[in-house]
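Here is the structure we will look at.
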Amino acid sequence: MKKAKTISRRDFFGKTGKAAAGAGLGVAATRYLRTGAAAEGDAANERILLGLIGCGYRGTGILRGRSFEEGFFGQPQVGGVVAVCDVDSRNAGRAAAMVEKQYSRRPRVFKDFRKLLEMREIDAVIIATPDHWHALPFIGACEAGKDIFVEKPLSHNIVEARSMLAAAKKFKRVVQVGTWQRSVQHIVDAIDFVRTGKLGKISVCRAWKCGIAGVGREKPSAPPPNLDWDFWLGPAPCTGYRQNRCHYQWRWFFEYGTGETGDSGAHMMDLILLGMQVKSPLEVASYGGKLVCGEDDDRTTPDTQMVIYKFPDFVMNWEVHVGKPGLDGGGTLAAEFIGEKGWLIVDRGRYVVHGTDEKPTTIHRVGNHAGNFLDCIKSREKPRSDIESMYYTTVMCHLGNIAYRVGRSIKWDGEKGVIVGDEEAMRCPQYQREYRKPWTLPVYIKL
């Protein structure tokens, strides 16, 4: 492989300079689309118009909001959701009905994301597709001048992540990745406490998820009439439809998702990188398997996995196991920092410090990740889960899966973005894979 482009990194919460906004429609037409009436004035005219790509569980959740995060509905910066897109017409119809109820205006409905991206009035898109469908709509949105809110993990493999980062930089797009924990106050407080040094020298970090076991065994069958299965597969290998590898369950198949290591690790390993203020490991080893569900199960990602990440000054352990509890009294999804003077555990409900005189604990408050993204569209500043810092978190997840799949430790050159001295590992689909025709990945990097 040729020498890769070096990717620099600013501080996690740094700010970027201002960039030019994308082109839109004429003033009168745009004002009507954003507000429903041309007479509502310039302030309303400046509201942001959105398009949604991927209308399933997560896509509609991002619009609606949930107990732990504010949604896009009700944000004062939003003028409306003018288009929705999904290869499942049932999902698209449900999302369109939700939007119409919220804004009293029915959005356009598409099956092909490329048609949505042709709408010049759209300022920003939400991408909530399965992992294997993140890169193409993302890069297409960059090329179309749209800002982007994309679900985590950023990509299905490392080369996609590098290409997406390069495209966002080239086209000067504001990108927020859906790691909403960065917008929750008690998690921000926990990271700040870790950085104070009050835990002493931290030599071990842990993060974990108590996951699920199997998805069962199914034979191929005809897809439901509302689903374009070939389009759903897209760049992934062609396989017959099975219900247990489609909506939501795709997470547990390497062909489309990244397992618990990508799905939950993108949240919890991210906290380790933030707290320790690092970006890339030196070496990674991983072991596990389908130890609970067994081989008579269709899932291809492990239900049990241990990943060890070696950094210059500490070691991190990522753990996936079926059942409870988490480690050291933590919850089912948490991160832990172990120092010479004490240790801190943070989950989605609170953070607690042990072993020191100071024992702060703060309780969860709902974060406004969507609002932060919308504010940054206006200011052109870097949002909380900016693509550059989330690139490194995403790579961490992929490296854990690559080490698992090749069955040995791998060495990582974070500056060059390559696995050192291991051509087999570089051919792992979690590093890069050939797209199924006619799909191709636009590559804005040198390979």
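Ordering of the structure tokens sets the chain letters (A, B, ...); residue numbers start at 1 within each chain; ligands are numbered from 1 in the order shown.
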
If DSSP is run on the backbone, what residues of region 216-395 of chain A are strand (DSSP E)? A reply as a count of residues only would be ideal. 42

Any chance you could list, as a VMD selection string, the residues in region 44-183 of chain A that come up alpha helix (DSSP H) when DSSP is run on the backbone? chain A and resid 44 to 45 57 to 64 89 to 103 113 to 117 135 to 143 158 to 170

Restricted to N, CA and C atoms, what would the selected residues look like written as a compact mmCIF listing (two decimals), in the first residue's frame?
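Output saved as out32.txt:
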# COMPACT_ATOMS: atom_id res chain seq x y z
N ALA A 44 -37.42 33.73 10.55
CA ALA A 44 -37.95 32.41 10.19
C ALA A 44 -37.30 31.90 8.91
N ASN A 45 -37.02 32.79 7.99
CA ASN A 45 -36.40 32.42 6.72
C ASN A 45 -35.03 31.79 6.92
N TYR A 57 -35.70 2.69 13.37
CA TYR A 57 -35.71 2.93 14.81
C TYR A 57 -34.87 4.15 15.20
N ARG A 58 -33.64 4.20 14.70
CA ARG A 58 -32.76 5.29 15.10
C ARG A 58 -33.11 6.60 14.39
N GLY A 59 -33.44 6.53 13.12
CA GLY A 59 -33.75 7.75 12.39
C GLY A 59 -34.92 8.51 12.99
N THR A 60 -36.02 7.79 13.27
CA THR A 60 -37.18 8.46 13.86
C THR A 60 -36.88 8.87 15.31
N GLY A 61 -36.02 8.10 15.99
CA GLY A 61 -35.63 8.48 17.35
C GLY A 61 -34.85 9.77 17.39
N ILE A 62 -34.00 9.99 16.40
CA ILE A 62 -33.24 11.23 16.32
C ILE A 62 -34.18 12.42 16.11
N LEU A 63 -35.18 12.25 15.29
CA LEU A 63 -36.15 13.33 15.09
C LEU A 63 -36.95 13.60 16.35
N ARG A 64 -37.47 12.55 16.96
CA ARG A 64 -38.39 12.67 18.09
C ARG A 64 -37.70 13.03 19.38
N SER A 89 -40.44 1.16 2.29
CA SER A 89 -41.50 2.16 2.12
C SER A 89 -42.34 2.31 3.38
N ARG A 90 -42.44 1.25 4.18
CA ARG A 90 -43.20 1.34 5.43
C ARG A 90 -42.51 2.29 6.40
N ASN A 91 -41.20 2.14 6.54
CA ASN A 91 -40.45 3.06 7.41
C ASN A 91 -40.55 4.50 6.92
N ALA A 92 -40.39 4.67 5.60
CA ALA A 92 -40.46 6.02 5.04
C ALA A 92 -41.83 6.64 5.28
N GLY A 93 -42.89 5.85 5.11
CA GLY A 93 -44.24 6.37 5.32
C GLY A 93 -44.48 6.77 6.76
N ARG A 94 -43.99 5.97 7.71
CA ARG A 94 -44.15 6.32 9.12
C ARG A 94 -43.42 7.61 9.45
N ALA A 95 -42.20 7.74 8.94
CA ALA A 95 -41.43 8.96 9.20
C ALA A 95 -42.12 10.18 8.59
N ALA A 96 -42.65 10.02 7.38
CA ALA A 96 -43.34 11.13 6.72
C ALA A 96 -44.56 11.56 7.53
N ALA A 97 -45.28 10.59 8.08
CA ALA A 97 -46.45 10.92 8.90
C ALA A 97 -46.04 11.66 10.17
N MET A 98 -44.93 11.24 10.79
CA MET A 98 -44.42 11.94 11.98
C MET A 98 -44.08 13.39 11.66
N VAL A 99 -43.39 13.58 10.52
CA VAL A 99 -42.99 14.93 10.12
C VAL A 99 -44.21 15.79 9.83
N GLU A 100 -45.17 15.22 9.14
CA GLU A 100 -46.39 15.98 8.82
C GLU A 100 -47.13 16.39 10.08
N LYS A 101 -47.19 15.52 11.05
CA LYS A 101 -47.85 15.84 12.32
C LYS A 101 -47.11 16.96 13.04
N GLN A 102 -45.78 16.96 12.97
CA GLN A 102 -44.98 17.95 13.67
C GLN A 102 -45.04 19.32 13.01
N TYR A 103 -44.96 19.34 11.66
CA TYR A 103 -44.82 20.61 10.95
C TYR A 103 -46.03 20.97 10.08
N PHE A 113 -31.39 7.81 -1.88
CA PHE A 113 -30.84 8.98 -1.17
C PHE A 113 -30.29 10.02 -2.12
N ARG A 114 -29.88 9.61 -3.32
CA ARG A 114 -29.31 10.56 -4.27
C ARG A 114 -30.34 11.58 -4.73
N LYS A 115 -31.59 11.17 -4.81
CA LYS A 115 -32.66 12.10 -5.17
C LYS A 115 -32.87 13.14 -4.07
N LEU A 116 -32.80 12.70 -2.82
CA LEU A 116 -32.92 13.64 -1.71
C LEU A 116 -31.80 14.66 -1.74
N LEU A 117 -30.58 14.20 -2.01
CA LEU A 117 -29.43 15.11 -2.01
C LEU A 117 -29.49 16.12 -3.15
N ALA A 135 -21.16 5.63 4.47
CA ALA A 135 -20.14 6.35 3.69
C ALA A 135 -20.70 7.00 2.43
N LEU A 136 -21.48 6.27 1.64
CA LEU A 136 -21.92 6.82 0.35
C LEU A 136 -22.86 8.01 0.51
N PRO A 137 -23.92 7.94 1.33
CA PRO A 137 -24.73 9.15 1.53
C PRO A 137 -23.93 10.30 2.15
N PHE A 138 -23.01 9.97 3.04
CA PHE A 138 -22.19 10.99 3.69
C PHE A 138 -21.36 11.75 2.67
N ILE A 139 -20.60 11.03 1.86
CA ILE A 139 -19.73 11.69 0.89
C ILE A 139 -20.57 12.41 -0.16
N GLY A 140 -21.71 11.80 -0.54
CA GLY A 140 -22.60 12.49 -1.46
C GLY A 140 -23.13 13.78 -0.89
N ALA A 141 -23.43 13.81 0.40
CA ALA A 141 -23.91 15.03 1.06
C ALA A 141 -22.81 16.09 1.08
N CYS A 142 -21.58 15.67 1.34
CA CYS A 142 -20.46 16.62 1.30
C CYS A 142 -20.36 17.26 -0.08
N GLU A 143 -20.42 16.43 -1.10
CA GLU A 143 -20.31 16.93 -2.48
C GLU A 143 -21.48 17.84 -2.84
N ILE A 158 -12.22 1.17 8.10
CA ILE A 158 -11.27 2.27 8.31
C ILE A 158 -11.09 3.12 7.06
N VAL A 159 -10.98 2.51 5.89
CA VAL A 159 -10.80 3.30 4.67
C VAL A 159 -12.00 4.19 4.43
N GLU A 160 -13.21 3.71 4.70
CA GLU A 160 -14.39 4.57 4.60
C GLU A 160 -14.26 5.77 5.53
N ALA A 161 -13.85 5.53 6.78
CA ALA A 161 -13.72 6.62 7.75
C ALA A 161 -12.72 7.66 7.27
N ARG A 162 -11.60 7.20 6.74
CA ARG A 162 -10.59 8.14 6.23
C ARG A 162 -11.13 8.95 5.05
N SER A 163 -11.86 8.30 4.16
CA SER A 163 -12.43 8.98 3.01
C SER A 163 -13.50 9.99 3.43
N MET A 164 -14.30 9.63 4.42
CA MET A 164 -15.34 10.53 4.90
C MET A 164 -14.73 11.76 5.56
N LEU A 165 -13.69 11.55 6.36
CA LEU A 165 -13.01 12.68 6.99
C LEU A 165 -12.42 13.61 5.95
N ALA A 166 -11.77 13.03 4.94
CA ALA A 166 -11.15 13.84 3.89
C ALA A 166 -12.20 14.62 3.11
N ALA A 167 -13.35 13.99 2.83
CA ALA A 167 -14.40 14.67 2.09
C ALA A 167 -14.99 15.83 2.90
N ALA A 168 -15.21 15.61 4.20
CA ALA A 168 -15.75 16.67 5.05
C ALA A 168 -14.81 17.86 5.10
N LYS A 169 -13.50 17.58 5.13
CA LYS A 169 -12.54 18.68 5.14
C LYS A 169 -12.50 19.41 3.80
N LYS A 170 -12.49 18.63 2.72
CA LYS A 170 -12.40 19.24 1.39
C LYS A 170 -13.57 20.16 1.11

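CA of Arg436 (chain A) lies 29.0 Å from CA of Gln305 (chain A).
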
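A straight line drawn from CA of Glu255 (chain A) to CA of Asp298 (chain A) is 11.9 Å long.
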
Just give me the gap between CA of Val82 (chain A) and CA of Asp112 (chain A) in Å, one decimal is fine. 15.1 Å

I need the residue nearest Gly331 (chain A) from this list: A:Gly211, A:Pro223, A:Gly54, A:Gly259. Use only C-alpha atoms for the distance. A:Gly211

Quick one: residues within 10 Å of Asp313 (chain A), only C-alpha atoms counted, chain neighbours fewer than 3 positions away excluded, as a compact mmCIF listing (two decimals) with C-alpha atoms, in the first residue's frame?
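Contents of result01.txt, freshly written:
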# COMPACT_ATOMS: atom_id res chain seq x y z
CA LYS A 201 -1.34 8.44 37.45
CA ILE A 202 -3.88 6.41 35.44
CA SER A 203 -2.38 3.18 34.16
CA VAL A 204 -5.50 1.15 33.38
CA MET A 276 -6.95 10.43 28.57
CA LYS A 310 -1.78 -0.60 24.32

Spatial neighbours of region 372-377 of chain A, 8 Å, only C-alpha atoms, chain gap at least 5 places, as number ranges by chain: A: 48, 77-78, 147, 149, 174-176, 382-384

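Closest approach to Arg105 (chain A) among A:Asp230, A:Trp252, A:Val81, A:Ile338: A:Val81, based on only C-alpha atoms.
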
Test item: residues at most 6 Å from Asn317 (chain A), only C-alpha atoms, excluding those fewer than 5 positions along its chain, as a PDB file with C-alpha atoms, in the first residue's frame:
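As written to disk, selection.pdb reads:
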ATOM      1  CA  ARG A 206     -11.785  -0.094  31.112  1.00  0.00           C
ATOM      2  CA  VAL A 307      -9.912  -6.222  23.400  1.00  0.00           C
ATOM      3  CA  ILE A 308      -6.648  -4.910  24.858  1.00  0.00           C
TER       4      ILE A 308
END
